[in-house]
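Worksheet: the structure to be examined is printed underneath.
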Amino acid sequence: MLHVRCISLALLTCDRHVFRRFFKRFTMPYSIEERGSPNTTEYKIYIRDENGPVSPFHDIPMYADAEKKIFNMVVEIPRWTNAKMEINTKELLNPIKQDLKKGKLRFVANCFPHKGYIWNYGAIPQTWENPEVLDESTGCKGDNDPIDVLEIGYRVAKRGEVLHVKPLGTVALIDEGETDWKIIAIDVNDPLANQLKDITDVEKHFPGLLKATLEWLKIYKLPDGKPENQFAFNGEPKNRDFALQIIEEVHKYWKSLVKKEVEAGGISCANLTVGDSPYNVDIQEAEDVISKSPALGPAEAMDPLVDKWHFVHLK
């Protein structure tokens with residue numbers, strides 16, 4: 001019998017969070033199914049809802065609450081961790097997998113004084129930064145991925161967890177010549193969520209975080225021998241309304257992708273819920289995809305160098 005671990009994610013009380021190995025967040029009917037051994041190239045995290053497998057790229061709705069402009073966020077990388085996990089856009093069902101560099105698992109470097117990622121990092125589903133469209137505000141084309149989210153709340157999230165987040169603003173990273181929007185947001189269940197209305201509130205309640213965010217994004221590839229990343233708008237964070245406009249724009253690009261109005265270019269658009277998509281698959285097909293992956297196994301040891309400090313400086 002295959003050994004499969006499914007972890008459901010849930011908010012257990014209104015005023016405090018209690019986490020166990022198996023738990024369910026009542027506002028979000030999603031769970032994860034891990035396959036393969038963690039810290040190996042075979043490790044994958046599939047997402048399920050109450051009906052079966054879903055794609056975190058295509059099937060989870062963009063909006064958690066359209067009227068209130070609350071969005072779903074799929075957590076790829078919990079705060080303070082180093083493994084570069086991401087929604088794999090090319091595999092069927094788009095599982096969360098660790099990125100590879102030259103065939104090896106990719107870990108982000110610890111650029112002193114930072115440790116791993118300094119926020120919960122993830123993506124808004126049903127969005128796509130089109131690599132064939134020049135962004136008028138940045139002058140660069142999209143990076144071919146769902147739009148990224150930096151969630152700044154107090155709680156360290158879990159891989160594969162689906163949060164409800166409120167966008168506060170955005171910064172436009174120019175990463176190797178591509179536009180890579182970073183939406184700055186907060187979990188609506190965070191105690192400070194109601195006090196944060198826009199990007200200006202971030203400095204008030206999280207002094208120093210925006211500065212640290214820009215520094216982190218600028219230098220995190222330096223230990224790999226790459227140049228500093230650049231920003232559009234001289235690194236100035238844009239406000240909530242601007243961020244909402246960008247999210248709606250990349251949602252339209254996603255719609256054209258999943259409806260086959262543009263070439264997929266290697267992206268897997270297989271989905272179970274998008275009614276007018278020619279890429280629909282049924283639940284049995286989706287289950288077959290997962291069953292072909294190796295069962296969950298014990299985690300492999302990580303290279304101790306993952307914890308190394310890198311003392312890099314901005315020029």
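Labels used: A, B, ... for chains in the order of the structure tokens, numbers from 1 for residues in each chain, and numbers from 1 for ligands as shown.
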
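The list of residues with at least one atom within 12 Å of Ala64 of chain A, based on only C-alpha atoms and without residues fewer than 5 positions apart in the same chain, reads Thr27, Met28, Pro29, Lys69, Ile70, Phe71, Asn72, Met73, Val74, Ile124, Pro125, Gln126, Val162, Leu163, His164, Val165, Lys166, Asp187 and Val188 of chain A.
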
* To do: Give the alpha helix (DSSP H) residues of segment 145-313 of chain A, as DSSP finds them on the backbone, and put them as a ChimeraX atom specification.
  => /A:200-205,209-219,240-258,283-291

* Shell around Lys101 of chain A at 12 Å using only C-alpha atoms, local window under 6 positions removed, as a list in words ->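 So, after excluding close chain neighbours, the residues are Thr41, Ala83, Lys84, Phe107, Val108 and Asp224 of chain A.
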
* Asked: Using only C-alpha atoms, which of A:Gly52, A:Gly142, A:Pro38, A:Pro61 sits nearest Val274 of chain A?
  -> A:Pro61

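Residue nearest Met85 of chain A within the list A:Tyr117, A:Tyr279, A:Tyr30, A:Phe112: A:Tyr117 [criterion: smallest interatomic distance, only C-alpha atoms].
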
* Asked: Hey, what's within 8 Å of Ile199 of chain A if we count only C-alpha atoms and toss same-chain stuff fewer than 3 positions away? As a PyMOL selection string, please?
  -> chain A and resi 168-169+196+202-203+237-240

* 7 Å contact set for segment 171-184 of chain A, only C-alpha atoms, chain neighbours under 3 positions out, as a list in words -> Thr138, Cys140, Lys141, Gly142, Asp143, Ile147, Asp148, Val149, Leu150, Glu151, Pro167, Leu168, Asn229, Gln230, Phe231, Ala232, Gly235, Glu236, Pro237, Lys238 and Ala243 of chain A

Write the residues you've just listed into a file as a PDB file, in the first residue's frame, and include N, CA and C atoms for each of them.
```pdb
ATOM      1  N   THR A 138       6.768  48.932 -16.908  1.00  0.00           N
ATOM      2  CA  THR A 138       8.155  48.540 -16.612  1.00  0.00           C
ATOM      3  C   THR A 138       9.049  48.512 -17.840  1.00  0.00           C
ATOM      4  N   CYS A 140       9.407  45.920 -19.686  1.00  0.00           N
ATOM      5  CA  CYS A 140       9.922  44.555 -19.830  1.00  0.00           C
ATOM      6  C   CYS A 140       8.754  43.574 -19.930  1.00  0.00           C
ATOM      7  N   LYS A 141       9.007  42.445 -20.559  1.00  0.00           N
ATOM      8  CA  LYS A 141       7.986  41.414 -20.685  1.00  0.00           C
ATOM      9  C   LYS A 141       7.858  40.617 -19.390  1.00  0.00           C
ATOM     10  N   GLY A 142       6.787  39.837 -19.295  1.00  0.00           N
ATOM     11  CA  GLY A 142       6.520  39.060 -18.090  1.00  0.00           C
ATOM     12  C   GLY A 142       7.449  37.875 -17.937  1.00  0.00           C
ATOM     13  N   ASP A 143       7.436  37.271 -16.751  1.00  0.00           N
ATOM     14  CA  ASP A 143       8.389  36.195 -16.434  1.00  0.00           C
ATOM     15  C   ASP A 143       7.816  34.792 -16.621  1.00  0.00           C
ATOM     16  N   ILE A 147       1.662  35.346 -10.655  1.00  0.00           N
ATOM     17  CA  ILE A 147       2.194  36.515  -9.953  1.00  0.00           C
ATOM     18  C   ILE A 147       2.549  36.151  -8.510  1.00  0.00           C
ATOM     19  N   ASP A 148       3.689  36.667  -8.054  1.00  0.00           N
ATOM     20  CA  ASP A 148       4.215  36.327  -6.731  1.00  0.00           C
ATOM     21  C   ASP A 148       3.588  37.179  -5.633  1.00  0.00           C
ATOM     22  N   VAL A 149       3.527  36.592  -4.439  1.00  0.00           N
ATOM     23  CA  VAL A 149       3.002  37.279  -3.261  1.00  0.00           C
ATOM     24  C   VAL A 149       4.002  37.172  -2.123  1.00  0.00           C
ATOM     25  N   LEU A 150       4.228  38.286  -1.435  1.00  0.00           N
ATOM     26  CA  LEU A 150       5.022  38.324  -0.217  1.00  0.00           C
ATOM     27  C   LEU A 150       4.049  38.585   0.926  1.00  0.00           C
ATOM     28  N   GLU A 151       3.758  37.557   1.712  1.00  0.00           N
ATOM     29  CA  GLU A 151       2.774  37.694   2.795  1.00  0.00           C
ATOM     30  C   GLU A 151       3.521  38.031   4.074  1.00  0.00           C
ATOM     31  N   PRO A 167      -4.130  42.401  -0.568  1.00  0.00           N
ATOM     32  CA  PRO A 167      -3.003  43.131  -1.145  1.00  0.00           C
ATOM     33  C   PRO A 167      -2.910  44.539  -0.574  1.00  0.00           C
ATOM     34  N   LEU A 168      -1.679  44.967  -0.327  1.00  0.00           N
ATOM     35  CA  LEU A 168      -1.416  46.308   0.200  1.00  0.00           C
ATOM     36  C   LEU A 168      -0.650  47.164  -0.792  1.00  0.00           C
ATOM     37  N   ASN A 229      19.715  42.530  -8.799  1.00  0.00           N
ATOM     38  CA  ASN A 229      18.463  42.762  -9.498  1.00  0.00           C
ATOM     39  C   ASN A 229      18.140  44.250  -9.486  1.00  0.00           C
ATOM     40  N   GLN A 230      17.348  44.655 -10.450  1.00  0.00           N
ATOM     41  CA  GLN A 230      16.931  46.045 -10.555  1.00  0.00           C
ATOM     42  C   GLN A 230      15.423  46.151 -10.332  1.00  0.00           C
ATOM     43  N   PHE A 231      14.959  47.366 -10.153  1.00  0.00           N
ATOM     44  CA  PHE A 231      13.534  47.613  -9.946  1.00  0.00           C
ATOM     45  C   PHE A 231      13.037  48.670 -10.918  1.00  0.00           C
ATOM     46  N   ALA A 232      11.790  48.544 -11.320  1.00  0.00           N
ATOM     47  CA  ALA A 232      11.119  49.654 -11.988  1.00  0.00           C
ATOM     48  C   ALA A 232      10.750  50.690 -10.929  1.00  0.00           C
ATOM     49  N   GLY A 235      12.517  51.403  -7.451  1.00  0.00           N
ATOM     50  CA  GLY A 235      12.254  50.635  -6.238  1.00  0.00           C
ATOM     51  C   GLY A 235      11.100  51.153  -5.404  1.00  0.00           C
ATOM     52  N   GLU A 236      10.400  52.163  -5.884  1.00  0.00           N
ATOM     53  CA  GLU A 236       9.281  52.726  -5.113  1.00  0.00           C
ATOM     54  C   GLU A 236       8.107  51.746  -5.081  1.00  0.00           C
ATOM     55  N   PRO A 237       7.662  51.333  -3.903  1.00  0.00           N
ATOM     56  CA  PRO A 237       6.483  50.468  -3.834  1.00  0.00           C
ATOM     57  C   PRO A 237       5.235  51.221  -4.300  1.00  0.00           C
ATOM     58  N   LYS A 238       4.422  50.570  -5.085  1.00  0.00           N
ATOM     59  CA  LYS A 238       3.174  51.152  -5.557  1.00  0.00           C
ATOM     60  C   LYS A 238       2.031  50.758  -4.616  1.00  0.00           C
ATOM     61  N   ALA A 243      -1.652  47.800  -7.298  1.00  0.00           N
ATOM     62  CA  ALA A 243      -1.464  46.349  -7.199  1.00  0.00           C
ATOM     63  C   ALA A 243      -2.696  45.600  -7.705  1.00  0.00           C
TER      64      ALA A 243
END
```

* Please, what distance in Å, to one decimal, runs between atom CA of Pro207 of chain A and atom CA of Trp80 of chain A? -> 18.6 Å

* Those of segment 88-233 of chain A in DSSP strand (DSSP E), formatted as a ChimeraX atom specification -> /A:96-98,100-101,104-105,110-111,120-123,148-151,162-175,178-187,230-231

* Excluding Lys255 of chain A and residues on its chain fewer than 3 positions from it, collect all residues at most 10 Å away from it, counting only C-alpha atoms, and give them as a PyMOL selection string. => chain A and resi 58+126-128+250-252+258-262+274+276-277

8 Å contact set for segment 312-314 of chain A, only C-alpha atoms, chain neighbours under 5 positions out, as a PDB file with C-alpha atoms, in the first residue's frame:
```pdb
ATOM      1  CA  CYS A 111      22.452  37.069   2.692  1.00  0.00           C
ATOM      2  CA  PHE A 112      23.454  38.498   6.061  1.00  0.00           C
ATOM      3  CA  ILE A 219      20.935  40.992  -3.449  1.00  0.00           C
ATOM      4  CA  LEU A 222      24.696  37.790  -5.603  1.00  0.00           C
ATOM      5  CA  PRO A 223      26.076  34.669  -3.856  1.00  0.00           C
ATOM      6  CA  GLU A 228      22.090  42.807  -8.490  1.00  0.00           C
TER       7      GLU A 228
END
```

* Point-to-point distance from atom CA of Tyr46 of chain A to atom CA of Lys97 of chain A, Å rounded to tenths -> 9.2 Å

* **Distance in Å - atom CA of Leu272 of chain A versus atom CA of Ile246 of chain A** => 26.0 Å

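Proximity to Gly266 of chain A was assessed for A:Arg159, A:Lys68, A:Lys90, A:His114 counting only C-alpha atoms; the smallest distance is recorded for A:Lys90.
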